[in-house]
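Raw coords.csv, CSV, C-alpha atoms:
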chain,number,residue,atom,x,y,z
A,1,MET,CA,5.4,-38.9,16.8
A,2,SER,CA,6.0,-39.5,13.2
A,3,ALA,CA,9.0,-41.7,12.4
A,4,ALA,CA,9.9,-39.5,9.4
A,5,LEU,CA,9.9,-36.3,11.5
A,6,ASP,CA,11.8,-38.2,14.2
A,7,LYS,CA,14.7,-38.7,11.8
A,8,MET,CA,15.0,-35.1,10.6
A,9,SER,CA,17.4,-32.6,12.0
A,10,THR,CA,16.0,-29.6,13.8
A,11,ALA,CA,17.1,-27.4,10.9
A,12,GLU,CA,15.3,-29.6,8.4
A,13,LEU,CA,12.2,-29.5,10.5
A,14,ALA,CA,12.3,-25.7,10.5
A,15,LYS,CA,12.6,-25.8,6.7
A,16,ILE,CA,9.7,-28.2,6.5
A,17,PHE,CA,7.6,-26.0,8.8
A,18,ALA,CA,8.3,-23.0,6.6
A,19,GLY,CA,7.5,-25.0,3.5
A,20,PHE,CA,4.1,-26.0,5.0
A,21,ALA,CA,3.4,-22.4,6.0
A,22,ILE,CA,4.2,-21.2,2.5
A,23,GLN,CA,2.0,-23.8,1.0
A,24,GLN,CA,-0.8,-23.0,3.4
A,25,TYR,CA,-0.7,-19.3,2.6
A,26,ASP,CA,-1.9,-19.9,-0.9
A,27,HIS,CA,-4.9,-21.8,0.4
A,28,ILE,CA,-5.6,-19.1,3.0
A,29,LEU,CA,-5.5,-16.4,0.3
A,30,ILE,CA,-8.3,-18.0,-1.6
A,31,GLY,CA,-10.2,-19.4,1.3
A,32,GLU,CA,-9.5,-23.1,0.7
A,33,VAL,CA,-10.4,-24.3,4.2
A,34,LYS,CA,-9.9,-28.0,3.9
A,35,GLN,CA,-6.3,-27.6,2.6
A,36,THR,CA,-5.6,-24.8,5.1
A,37,ASN,CA,-6.6,-27.2,8.0
A,38,ARG,CA,-4.5,-30.0,6.5
A,39,TYR,CA,-1.4,-27.9,6.7
A,40,TYR,CA,-2.3,-26.8,10.3
A,41,HIS,CA,-2.0,-30.4,11.3
A,42,LYS,CA,1.2,-30.9,9.4
A,43,MET,CA,2.8,-27.8,11.1
A,44,LYS,CA,1.5,-29.0,14.4
A,45,ALA,CA,3.2,-32.3,14.0
A,46,VAL,CA,6.5,-30.6,13.3
A,47,GLU,CA,6.0,-28.2,16.2
A,48,LEU,CA,5.3,-31.1,18.6
A,49,GLU,CA,8.4,-33.0,17.3
A,50,LEU,CA,10.5,-30.0,18.0
A,51,LYS,CA,9.0,-29.5,21.4
A,52,SER,CA,9.6,-33.1,22.3
A,53,ARG,CA,13.4,-32.8,21.7
A,54,PRO,CA,15.7,-32.1,24.6
A,55,GLY,CA,15.7,-28.4,25.5
A,56,ASP,CA,12.5,-27.8,23.5
A,57,GLN,CA,13.8,-27.2,20.0
A,58,ARG,CA,10.9,-25.0,18.9
A,59,SER,CA,13.5,-22.2,19.4
A,60,VAL,CA,14.8,-23.1,15.9
A,61,LEU,CA,11.6,-21.6,14.5
A,62,ILE,CA,12.6,-18.1,15.9
A,63,ALA,CA,14.8,-17.8,12.8
A,64,LEU,CA,11.7,-17.8,10.7
A,65,TYR,CA,10.5,-14.5,12.2
A,66,ASP,CA,12.4,-12.8,9.3
A,67,ASN,CA,11.0,-15.0,6.5
A,68,PRO,CA,9.4,-12.8,3.9
A,69,ASN,CA,6.3,-14.9,3.7
A,70,PRO,CA,3.8,-13.4,6.3
A,71,ASN,CA,2.2,-16.7,7.0
A,72,VAL,CA,5.6,-18.1,8.0
A,73,LYS,CA,6.1,-15.2,10.3
A,74,VAL,CA,2.7,-15.6,12.0
A,75,LYS,CA,2.9,-19.4,12.3
A,76,ALA,CA,6.5,-19.3,13.6
A,77,ALA,CA,5.5,-16.6,16.2
A,78,LYS,CA,2.5,-18.6,17.4
A,79,ALA,CA,4.6,-21.8,17.6
A,80,THR,CA,7.1,-20.0,19.8
A,81,LEU,CA,4.9,-17.9,22.0
A,82,ALA,CA,5.4,-20.3,24.9
A,83,ILE,CA,9.2,-20.1,24.8
A,84,ALA,CA,9.8,-16.6,23.5
A,85,PRO,CA,6.6,-14.7,24.5
A,86,ALA,CA,7.9,-11.2,24.1
A,87,ALA,CA,9.7,-11.7,20.8
A,88,ALA,CA,6.9,-13.8,19.4
A,89,ARG,CA,4.3,-11.2,20.4
A,90,GLN,CA,6.3,-8.5,18.8
A,91,VAL,CA,6.2,-10.4,15.5
A,92,LEU,CA,2.4,-10.7,15.7
A,93,GLU,CA,2.1,-7.0,16.5
A,94,THR,CA,4.3,-6.0,13.6
A,95,VAL,CA,2.4,-8.2,11.2
A,96,ALA,CA,-0.9,-6.9,12.5
A,97,ALA,CA,0.3,-3.3,12.1
A,98,THR,CA,2.2,-3.4,8.9
A,99,CYS,CA,0.9,-6.2,6.6
A,100,TYR,CA,-2.1,-6.1,4.3
A,101,GLY,CA,-3.3,-9.7,3.7
A,102,PRO,CA,-5.3,-12.2,5.8
A,103,GLU,CA,-2.3,-12.6,8.1
A,104,ILE,CA,-3.3,-9.3,9.8
A,105,LEU,CA,-6.6,-11.0,10.8
A,106,GLU,CA,-4.9,-14.1,12.3
A,107,ALA,CA,-2.1,-12.1,14.0
A,108,GLY,CA,-4.6,-9.6,15.4
A,109,MET,CA,-7.1,-12.1,16.6
A,110,SER,CA,-4.2,-14.0,18.3
A,111,LEU,CA,-3.2,-10.9,20.1
A,112,THR,CA,-6.8,-10.3,21.2
A,113,ASN,CA,-7.1,-13.9,22.4
A,114,LEU,CA,-3.8,-13.7,24.3
A,115,ASP,CA,-5.0,-10.5,26.0
A,116,ASN,CA,-8.4,-11.9,27.0
A,117,GLY,CA,-7.0,-15.2,28.1
A,118,ILE,CA,-8.6,-17.4,25.5
A,119,TYR,CA,-5.2,-18.2,24.0
A,120,LYS,CA,-2.9,-19.9,26.4
A,121,PRO,CA,0.3,-21.0,24.5
A,122,THR,CA,1.9,-24.1,25.9
B,1,MET,CA,4.1,-41.9,7.8
B,2,LEU,CA,5.3,-38.5,6.7
B,3,SER,CA,8.2,-39.9,4.7
B,4,ALA,CA,5.6,-40.9,2.1
B,5,ASP,CA,3.7,-37.7,2.7
B,6,PRO,CA,2.9,-36.2,-0.7
B,7,ASP,CA,3.2,-32.7,0.7
B,8,ILE,CA,6.8,-33.2,2.0
B,9,ARG,CA,7.7,-34.7,-1.4
B,10,ARG,CA,5.9,-31.7,-3.0
B,11,ILE,CA,7.8,-29.2,-1.0
B,12,MET,CA,11.1,-30.9,-1.9
B,13,ALA,CA,10.0,-30.9,-5.5
B,14,LEU,CA,9.0,-27.3,-5.3
B,15,ARG,CA,12.4,-26.3,-4.2
B,16,ALA,CA,13.7,-27.6,-7.5
B,17,ILE,CA,10.8,-26.1,-9.5
B,18,GLU,CA,11.4,-22.8,-7.8
B,19,SER,CA,14.7,-22.6,-9.6
B,20,GLY,CA,12.9,-22.9,-12.9
B,21,LEU,CA,13.0,-20.0,-15.3
B,22,LEU,CA,9.3,-19.2,-15.2
B,23,ARG,CA,9.1,-18.8,-11.5
B,24,LEU,CA,12.3,-16.9,-11.4
B,25,ARG,CA,11.0,-14.5,-14.0
B,26,TRP,CA,7.8,-14.0,-12.0
B,27,LEU,CA,9.7,-13.5,-8.7
B,28,ALA,CA,12.2,-11.2,-10.3
B,29,ALA,CA,9.5,-9.0,-11.6
B,30,ALA,CA,7.7,-9.0,-8.3
B,31,THR,CA,10.9,-8.3,-6.4
B,32,ARG,CA,11.8,-5.4,-8.6
B,33,PHE,CA,8.4,-3.9,-8.0
B,34,GLU,CA,8.7,-4.4,-4.3
B,35,ILE,CA,12.2,-2.9,-4.2
B,36,ALA,CA,11.0,0.1,-6.0
B,37,MET,CA,8.0,0.4,-3.7
B,38,ARG,CA,10.3,0.2,-0.6
B,39,ARG,CA,12.7,2.7,-2.1
B,40,HIS,CA,9.8,5.0,-2.6
B,41,ASP,CA,8.6,4.4,1.0
B,42,ARG,CA,12.1,4.9,2.4
B,43,ALA,CA,12.6,8.0,0.4
B,44,LEU,CA,9.5,9.5,1.9
B,45,LYS,CA,10.4,8.2,5.4
B,46,TYR,CA,13.9,9.5,5.4
B,47,ALA,CA,13.1,12.8,3.7
B,48,TYR,CA,14.7,11.9,0.4
B,49,ASN,CA,16.7,14.7,-1.2
B,50,SER,CA,18.1,14.0,-4.6
B,51,ALA,CA,20.7,16.8,-4.2
B,52,GLN,CA,22.3,15.0,-1.2
B,53,PRO,CA,25.8,13.9,-2.1
B,54,ARG,CA,26.9,10.3,-2.3
B,55,VAL,CA,30.1,8.6,-1.1
B,56,PRO,CA,32.3,8.5,-4.2
B,57,ARG,CA,33.0,5.3,-6.2
B,58,GLY,CA,36.0,3.3,-4.8
B,59,GLN,CA,35.4,4.1,-1.2
B,60,PRO,CA,34.0,1.5,1.3
B,61,GLU,CA,30.5,2.9,1.3
B,62,SER,CA,30.5,3.9,-2.3
B,63,GLY,CA,27.2,4.9,-3.7
B,64,GLN,CA,25.6,5.5,-0.3
B,65,TRP,CA,24.3,8.9,0.7
B,66,ALA,CA,27.0,11.0,2.4
B,67,SER,CA,25.8,12.4,5.7
B,68,ASP,CA,24.6,15.9,5.5
B,69,GLY,CA,25.2,16.2,9.2
B,70,THR,CA,21.5,16.3,10.1
B,71,SER,CA,20.5,12.7,10.3
B,72,SER,CA,22.4,9.4,10.9
B,73,ASP,CA,19.5,7.5,9.3
B,74,SER,CA,20.0,9.0,5.9
B,75,VAL,CA,23.5,7.5,5.5
B,76,ARG,CA,22.3,4.0,4.8
B,77,LEU,CA,19.5,4.7,2.4
B,78,ALA,CA,21.3,4.2,-0.9
B,79,GLY,CA,23.2,1.2,0.3
B,80,ASP,CA,20.0,-0.6,1.3
B,81,ILE,CA,18.2,-0.2,-2.0
B,82,PRO,CA,19.7,-1.2,-5.4
B,83,THR,CA,19.3,1.3,-8.2
B,84,GLY,CA,18.1,0.9,-11.7
B,85,ASP,CA,14.9,-1.0,-10.9
B,86,SER,CA,11.6,0.0,-12.4
B,87,PRO,CA,8.2,-0.8,-10.8
B,88,GLU,CA,6.9,-4.0,-12.5
B,89,VAL,CA,4.6,-6.9,-11.9
B,90,PRO,CA,4.0,-9.9,-14.1
B,91,LYS,CA,2.5,-8.9,-17.4
B,92,GLU,CA,1.1,-12.3,-18.1
B,93,ALA,CA,-1.7,-13.8,-16.1
B,94,PRO,CA,-1.1,-17.1,-14.5
B,95,PRO,CA,-2.7,-19.9,-16.6
B,96,THR,CA,-5.6,-21.0,-14.4
B,97,THR,CA,-8.3,-19.1,-12.5
B,98,ARG,CA,-7.1,-20.6,-9.2
B,99,LEU,CA,-3.5,-19.5,-9.8
B,100,ARG,CA,-4.7,-16.1,-10.9
B,101,ASN,CA,-6.7,-15.7,-7.7
B,102,ILE,CA,-3.7,-16.8,-5.6
B,103,ALA,CA,-1.4,-14.5,-7.5
B,104,ILE,CA,-3.5,-11.4,-7.4
B,105,ARG,CA,-4.3,-11.7,-3.7
B,106,ALA,CA,-0.7,-12.5,-2.9
B,107,LEU,CA,0.4,-9.4,-4.9
B,108,ALA,CA,-2.2,-7.3,-3.1
B,109,ALA,CA,-1.1,-8.6,0.3
B,110,ARG,CA,2.5,-8.1,-0.6
B,111,PHE,CA,2.4,-4.7,-2.2
B,112,GLY,CA,-0.6,-3.1,-0.5
B,113,PRO,CA,-2.4,-0.2,-2.3
B,114,GLY,CA,0.6,0.2,-4.6
B,115,ILE,CA,-0.7,-2.8,-6.6
B,116,LEU,CA,-3.1,-0.4,-8.2
B,117,VAL,CA,-0.2,1.4,-9.9
B,118,ALA,CA,0.8,-2.0,-11.2
B,119,ALA,CA,-2.6,-2.4,-12.8
B,120,GLU,CA,-1.3,-0.1,-15.6
B,121,VAL,CA,1.3,-2.8,-16.4
B,122,GLY,CA,-0.5,-6.1,-16.2
B,123,SER,CA,-3.9,-5.8,-17.9
B,124,TRP,CA,-5.1,-9.0,-16.3
B,125,ILE,CA,-5.1,-7.3,-13.0
B,126,TYR,CA,-7.8,-5.0,-14.2
B,127,ASP,CA,-10.2,-7.9,-14.0
B,128,HIS,CA,-10.0,-7.5,-10.3
B,129,LYS,CA,-9.8,-3.8,-9.9
B,130,GLU,CA,-13.0,-3.4,-7.9
B,131,GLU,CA,-12.0,-6.1,-5.4
B,132,ILE,CA,-8.5,-4.6,-5.2
B,133,SER,CA,-9.8,-1.1,-4.6
B,134,ALA,CA,-12.2,-2.3,-2.0
B,135,TYR,CA,-9.5,-4.4,-0.3
B,136,PHE,CA,-7.7,-1.2,0.6
B,137,ASP,CA,-10.6,0.8,1.9
B,138,SER,CA,-9.9,2.7,5.0
B,139,PRO,CA,-11.6,1.4,8.2
B,140,LYS,CA,-15.1,2.6,8.6
B,141,THR,CA,-17.4,3.1,11.6
B,142,LEU,CA,-19.9,0.4,12.4
B,143,GLU,CA,-22.7,2.8,11.3
B,144,GLU,CA,-21.1,3.3,7.9
B,145,LEU,CA,-20.6,-0.4,7.4
B,146,GLN,CA,-24.2,-1.1,8.3
B,147,SER,CA,-25.5,1.7,6.1
B,148,GLY,CA,-23.4,0.3,3.2
B,149,ALA,CA,-25.2,-3.0,3.5
B,150,GLU,CA,-28.3,-1.3,2.1
B,151,THR,CA,-26.5,-0.6,-1.1
B,152,PRO,CA,-24.7,-3.5,-2.8
B,153,GLU,CA,-21.6,-2.5,-4.7
B,154,LYS,CA,-19.1,-4.4,-6.9
B,155,GLY,CA,-16.1,-5.6,-5.0
B,156,TYR,CA,-18.0,-5.8,-1.8
B,157,ASP,CA,-20.2,-8.5,0.0
B,158,ILE,CA,-22.8,-8.3,2.7
B,159,HIS,CA,-21.3,-9.9,5.8
B,160,HIS,CA,-23.0,-11.2,8.9
B,161,ILE,CA,-21.2,-9.9,12.1
B,162,VAL,CA,-22.6,-12.9,13.9
B,163,GLU,CA,-22.2,-15.8,11.5
B,164,ARG,CA,-25.3,-17.3,10.1
B,165,ALA,CA,-23.6,-20.7,10.7
B,166,SER,CA,-23.6,-20.1,14.4
B,167,VAL,CA,-27.3,-19.4,15.0
B,168,ASN,CA,-29.3,-21.7,17.2
B,169,GLU,CA,-30.8,-24.6,15.5
B,170,ASN,CA,-34.2,-24.0,17.1
B,171,GLY,CA,-34.7,-20.9,14.9
B,172,SER,CA,-34.8,-18.5,17.8
B,173,GLU,CA,-32.0,-16.3,16.3
B,174,ASP,CA,-33.1,-16.3,12.7
B,175,ASP,CA,-34.5,-12.8,12.9
B,176,LYS,CA,-31.5,-11.4,14.7
B,177,VAL,CA,-29.0,-12.8,12.3
B,178,ASP,CA,-30.6,-11.1,9.3
B,179,ALA,CA,-31.4,-7.9,11.1
B,180,ALA,CA,-29.9,-4.7,9.8
B,181,GLU,CA,-27.6,-4.2,12.8
B,182,ASN,CA,-26.0,-7.6,12.1
B,183,LEU,CA,-25.3,-6.8,8.4
B,184,VAL,CA,-22.3,-4.9,7.1
B,185,ARG,CA,-20.9,-4.3,3.6
B,186,ILE,CA,-17.2,-5.2,3.6
B,187,PRO,CA,-14.6,-5.8,0.9
B,188,ARG,CA,-15.3,-9.1,-0.9
B,189,TRP,CA,-11.9,-10.7,-0.5
B,190,LYS,CA,-11.9,-9.8,3.2
B,191,HIS,CA,-15.3,-11.4,3.5
B,192,TRP,CA,-14.0,-14.6,2.0
B,193,GLN,CA,-10.9,-14.5,4.1
B,194,ILE,CA,-12.9,-13.9,7.3
B,195,ASN,CA,-15.1,-16.9,6.4
B,196,GLY,CA,-12.0,-18.9,5.9
B,197,TYR,CA,-10.6,-17.8,9.2
B,198,TYR,CA,-13.8,-18.9,11.0
B,199,GLN,CA,-13.3,-22.4,9.6
B,200,THR,CA,-9.6,-22.7,10.3
B,201,GLU,CA,-8.4,-24.9,13.2
B,202,SER,CA,-6.2,-23.0,15.6
B,203,ASP,CA,-4.2,-23.6,18.8
B,204,GLU,CA,-5.8,-20.5,20.4
B,205,TYR,CA,-9.2,-22.2,20.4
B,206,GLY,CA,-7.8,-25.5,21.6
B,207,GLY,CA,-7.5,-26.9,18.1
B,208,LEU,CA,-11.1,-25.9,17.3
B,209,THR,CA,-12.1,-23.5,14.6
B,210,PRO,CA,-13.5,-20.2,15.7
B,211,ARG,CA,-16.8,-21.3,14.4
B,212,GLU,CA,-16.7,-24.5,16.5
B,213,TYR,CA,-15.5,-22.5,19.5
B,214,LEU,CA,-18.3,-20.0,19.2
B,215,LYS,CA,-21.0,-22.6,18.8
B,216,GLY,CA,-23.4,-22.3,21.8
B,217,LYS,CA,-21.8,-19.1,23.0
B,218,SER,CA,-24.1,-16.1,23.8
B,219,TRP,CA,-25.1,-13.7,21.1
B,220,GLU,CA,-23.1,-11.0,22.8
B,221,GLU,CA,-19.9,-13.1,22.8
B,222,ARG,CA,-20.4,-14.0,19.1
B,223,THR,CA,-20.9,-10.3,18.4
B,224,ARG,CA,-17.8,-9.3,20.3
B,225,VAL,CA,-15.7,-11.8,18.3
B,226,GLY,CA,-17.3,-10.7,15.0
B,227,LEU,CA,-16.6,-7.1,15.6
B,228,ASN,CA,-13.1,-7.9,16.8
B,229,ALA,CA,-12.4,-9.7,13.5
B,230,LEU,CA,-13.7,-6.7,11.5
B,231,GLU,CA,-11.5,-4.4,13.5
B,232,ARG,CA,-8.4,-6.6,13.4
B,233,PHE,CA,-8.8,-6.9,9.6
B,234,GLY,CA,-8.8,-3.1,9.2
B,235,ILE,CA,-12.5,-2.9,8.2
B,236,LEU,CA,-14.0,-1.5,11.3
B,237,ARG,CA,-12.9,1.7,13.1
B,238,ARG,CA,-14.0,2.0,16.7
Can I see the file as structure tokens?
Amino acid sequence: MSAALDKMSTAELAKIFAGFAIQQYDHILIGEVKQTNRYYHKMKAVELELKSRPGDQRSVLIALYDNPNPNVKVKAAKATLAIAPAAARQVLETVAATCYGPEILEAGMSLTNLDNGIYKPT
Amino acid sequence: MLSADPDIRRIMALRAIESGLLRLRWLAAATRFEIAMRRHDRALKYAYNSAQPRVPRGQPESGQWASDGTSSDSVRLAGDIPTGDSPEVPKEAPPTTRLRNIAIRALAARFGPGILVAAEVGSWIYDHKEEISAYFDSPKTLEELQSGAETPEKGYDIHHIVERASVNENGSEDDKVDAAENLVRIPRWKHWQINGYYQTESDEYGGLTPREYLKGKSWEERTRVGLNALERFGILRR
């Protein structure tokens, strides 16, 4: 657990998570893999910090379902699949069905992998 | 320690920068365009009728469509969408190639096929017209995609359904990976984004990338995933 993340409020962590996802989206759009993966680990650290807090505070990320950035939607949905499976899945299905960018690939493949059991959110 | 993390500092700094005039101008233009596109979509969705009366000025729902008694959905249309906006996207190209690439793909992802209308406004977008046009191709059958691989076309790339990077190191799959049935012609940007996806770490593969996850899997399993990716990205119709 990062000491810096440990000191942040859950609301601040949600903002940081969204900020990372927005930054990551630029890299996804143009296929910058190294940077994309760097942000994956940063978002994962935030997610784990929220999960470690009493009551599993990943629920704060549900508020990001309505963020206009499609990568924020997808990443928030995936981070909350274990605690809000139906709502999170609905977000992925909506993105897969209505968006245009690379987010439809990630959302769609996540749905496929949920259905075939490869993806087991924890 | 993340307190010294340059990305956290960058995000904080970006919040300040995002209030800068340049970004606001860009966002405002993009937003106006999006609003106009949404208004157009909603107008179509809710059977827009310009003759439908509006609630008069001074009343609580002033400006909104008055109900014509046939649909409750139509009441909210005018209130949702501001008036007086014209379709517009940034006229000036971002200053670097990288930023232009991000901007044009973000615009395409955000506005969909409507971005082609915007090409009349920002001439810099014309530099990408073949890629944009290809990006919004309707899904095709596998046979059509395979047939297309025989004819290169601007805006498209030849894509391996089973990734070349996944073939056995002993060379036993070299012929299969370059065989006609493994090759499809797909939109260039989607090709690049699929390649990026295959190299992106993800929870669903236990923290591995799809490419790492598929290493050593059967040819059939790699084909299944490759076809799924094409279908999920709106390239393949099955």
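Using only C-alpha atoms, the nearest neighbour of B:Ile102 within the list B:Arg222, B:Trp189, B:Asn195, B:Leu208 is B:Trp189.
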When the cut-off is 10 Å and we count all atoms listed in the file, which residues of chain B are near chain A, given as a VMD selection string?
chain B and resid 1 to 5 7 to 8 10 to 12 14 to 15 98 to 99 101 to 113 135 to 136 189 to 207 209 225 228 to 234
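Computed from the coordinates, the atom CA of A:Leu13 to atom CA of A:Leu48 distance equals 10.8 Å.
Take atom CA of B:Pro187 and atom CA of B:Gly155: the distance between them is 6.1 Å.
Counting from atom CA of B:Asp157, the distance to atom CA of B:Arg185 is 5.6 Å.
Distances to A:Leu64 were evaluated for A:Gln90, A:Ser52, A:Thr80, A:Gln24 using only C-alpha atoms, and the minimum falls at A:Thr80.
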Residues at most 6 Å from B:Val184, counting all atoms listed in the file, excluding those fewer than 6 positions away in the same chain, as a list in words?
Leu145, Gln146, Ala149, Ile158 and His159 of chain B
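Using all atoms listed in the file, the smallest distance between any of A:Gln57, A:Lys75, A:Tyr65, A:Asp115 and A:Val91 comes from A:Tyr65.
Of the residues under consideration (B:Ser138, B:Ser166, B:Thr151, B:Thr96), B:Ser166 shows the shortest atom-to-atom contact distance to B:Glu212 when counting all atoms listed in the file.
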What box, with edges along x, y and z, holds each listed atom of stretch 187-194 of chain B when 5 Å is added on every side, and can you state its centre and edge lengths in Å to one decimal, as lines of an AutoDock Vina configuration file?
center_x = -13.1
center_y = -10.2
center_z = 3.2
size_x = 14.4
size_y = 18.8
size_z = 18.2
N, CA and C atoms restored at stretch 131-155 of chain B, emitted as a PDB file, in the coordinates of the input:
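For reference, result_22.pdb as written:
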ATOM      1  N   GLU B 131     -12.313  -5.371  -6.658  1.00  0.00           N
ATOM      2  CA  GLU B 131     -12.000  -6.100  -5.400  1.00  0.00           C
ATOM      3  C   GLU B 131     -10.684  -5.513  -4.806  1.00  0.00           C
ATOM      4  N   ILE B 132      -9.724  -5.159  -5.669  1.00  0.00           N
ATOM      5  CA  ILE B 132      -8.500  -4.600  -5.200  1.00  0.00           C
ATOM      6  C   ILE B 132      -8.752  -3.257  -4.470  1.00  0.00           C
ATOM      7  N   SER B 133      -9.493  -2.419  -5.146  1.00  0.00           N
ATOM      8  CA  SER B 133      -9.800  -1.100  -4.600  1.00  0.00           C
ATOM      9  C   SER B 133     -10.512  -1.242  -3.257  1.00  0.00           C
ATOM     10  N   ALA B 134     -11.501  -2.143  -3.205  1.00  0.00           N
ATOM     11  CA  ALA B 134     -12.200  -2.300  -2.000  1.00  0.00           C
ATOM     12  C   ALA B 134     -11.348  -2.886  -0.863  1.00  0.00           C
ATOM     13  N   TYR B 135     -10.412  -3.744  -1.242  1.00  0.00           N
ATOM     14  CA  TYR B 135      -9.500  -4.400  -0.300  1.00  0.00           C
ATOM     15  C   TYR B 135      -8.754  -3.371   0.563  1.00  0.00           C
ATOM     16  N   PHE B 136      -8.484  -2.230  -0.060  1.00  0.00           N
ATOM     17  CA  PHE B 136      -7.700  -1.200   0.600  1.00  0.00           C
ATOM     18  C   PHE B 136      -8.473  -0.038   1.124  1.00  0.00           C
ATOM     19  N   ASP B 137      -9.775  -0.263   1.271  1.00  0.00           N
ATOM     20  CA  ASP B 137     -10.600   0.800   1.900  1.00  0.00           C
ATOM     21  C   ASP B 137     -10.048   1.117   3.293  1.00  0.00           C
ATOM     22  N   SER B 138     -10.194   2.355   3.667  1.00  0.00           N
ATOM     23  CA  SER B 138      -9.900   2.700   5.000  1.00  0.00           C
ATOM     24  C   SER B 138     -10.932   2.159   5.971  1.00  0.00           C
ATOM     25  N   PRO B 139     -10.554   1.907   7.231  1.00  0.00           N
ATOM     26  CA  PRO B 139     -11.600   1.400   8.200  1.00  0.00           C
ATOM     27  C   PRO B 139     -12.722   2.386   8.313  1.00  0.00           C
ATOM     28  N   LYS B 140     -13.923   1.817   8.496  1.00  0.00           N
ATOM     29  CA  LYS B 140     -15.100   2.600   8.600  1.00  0.00           C
ATOM     30  C   LYS B 140     -15.792   2.397   9.968  1.00  0.00           C
ATOM     31  N   THR B 141     -16.661   3.319  10.346  1.00  0.00           N
ATOM     32  CA  THR B 141     -17.400   3.100  11.600  1.00  0.00           C
ATOM     33  C   THR B 141     -18.438   2.015  11.363  1.00  0.00           C
ATOM     34  N   LEU B 142     -18.923   1.472  12.462  1.00  0.00           N
ATOM     35  CA  LEU B 142     -19.900   0.400  12.400  1.00  0.00           C
ATOM     36  C   LEU B 142     -21.176   0.951  11.637  1.00  0.00           C
ATOM     37  N   GLU B 143     -21.522   2.187  11.925  1.00  0.00           N
ATOM     38  CA  GLU B 143     -22.700   2.800  11.300  1.00  0.00           C
ATOM     39  C   GLU B 143     -22.517   2.872   9.771  1.00  0.00           C
ATOM     40  N   GLU B 144     -21.336   3.235   9.365  1.00  0.00           N
ATOM     41  CA  GLU B 144     -21.100   3.300   7.900  1.00  0.00           C
ATOM     42  C   GLU B 144     -21.111   1.953   7.257  1.00  0.00           C
ATOM     43  N   LEU B 145     -20.571   0.962   7.931  1.00  0.00           N
ATOM     44  CA  LEU B 145     -20.600  -0.400   7.400  1.00  0.00           C
ATOM     45  C   LEU B 145     -22.012  -0.933   7.289  1.00  0.00           C
ATOM     46  N   GLN B 146     -22.802  -0.650   8.334  1.00  0.00           N
ATOM     47  CA  GLN B 146     -24.200  -1.100   8.300  1.00  0.00           C
ATOM     48  C   GLN B 146     -25.005  -0.389   7.264  1.00  0.00           C
ATOM     49  N   SER B 147     -24.753   0.892   7.141  1.00  0.00           N
ATOM     50  CA  SER B 147     -25.500   1.700   6.100  1.00  0.00           C
ATOM     51  C   SER B 147     -25.104   1.170   4.726  1.00  0.00           C
ATOM     52  N   GLY B 148     -23.851   0.812   4.533  1.00  0.00           N
ATOM     53  CA  GLY B 148     -23.400   0.300   3.200  1.00  0.00           C
ATOM     54  C   GLY B 148     -24.125  -0.977   2.833  1.00  0.00           C
ATOM     55  N   ALA B 149     -24.556  -1.757   3.831  1.00  0.00           N
ATOM     56  CA  ALA B 149     -25.200  -3.000   3.500  1.00  0.00           C
ATOM     57  C   ALA B 149     -26.530  -2.834   2.779  1.00  0.00           C
ATOM     58  N   GLU B 150     -27.047  -1.612   2.828  1.00  0.00           N
ATOM     59  CA  GLU B 150     -28.300  -1.300   2.100  1.00  0.00           C
ATOM     60  C   GLU B 150     -28.059  -1.082   0.633  1.00  0.00           C
ATOM     61  N   THR B 151     -26.811  -0.911   0.262  1.00  0.00           N
ATOM     62  CA  THR B 151     -26.500  -0.600  -1.100  1.00  0.00           C
ATOM     63  C   THR B 151     -25.364  -1.509  -1.633  1.00  0.00           C
ATOM     64  N   PRO B 152     -25.715  -2.597  -2.293  1.00  0.00           N
ATOM     65  CA  PRO B 152     -24.700  -3.500  -2.800  1.00  0.00           C
ATOM     66  C   PRO B 152     -23.754  -2.777  -3.796  1.00  0.00           C
ATOM     67  N   GLU B 153     -22.512  -3.157  -3.809  1.00  0.00           N
ATOM     68  CA  GLU B 153     -21.600  -2.500  -4.700  1.00  0.00           C
ATOM     69  C   GLU B 153     -20.535  -3.553  -5.163  1.00  0.00           C
ATOM     70  N   LYS B 154     -20.095  -3.418  -6.399  1.00  0.00           N
ATOM     71  CA  LYS B 154     -19.100  -4.400  -6.900  1.00  0.00           C
ATOM     72  C   LYS B 154     -17.832  -4.314  -6.122  1.00  0.00           C
ATOM     73  N   GLY B 155     -17.300  -5.502  -5.836  1.00  0.00           N
ATOM     74  CA  GLY B 155     -16.100  -5.600  -5.000  1.00  0.00           C
ATOM     75  C   GLY B 155     -16.359  -5.771  -3.559  1.00  0.00           C
TER      76      GLY B 155
END
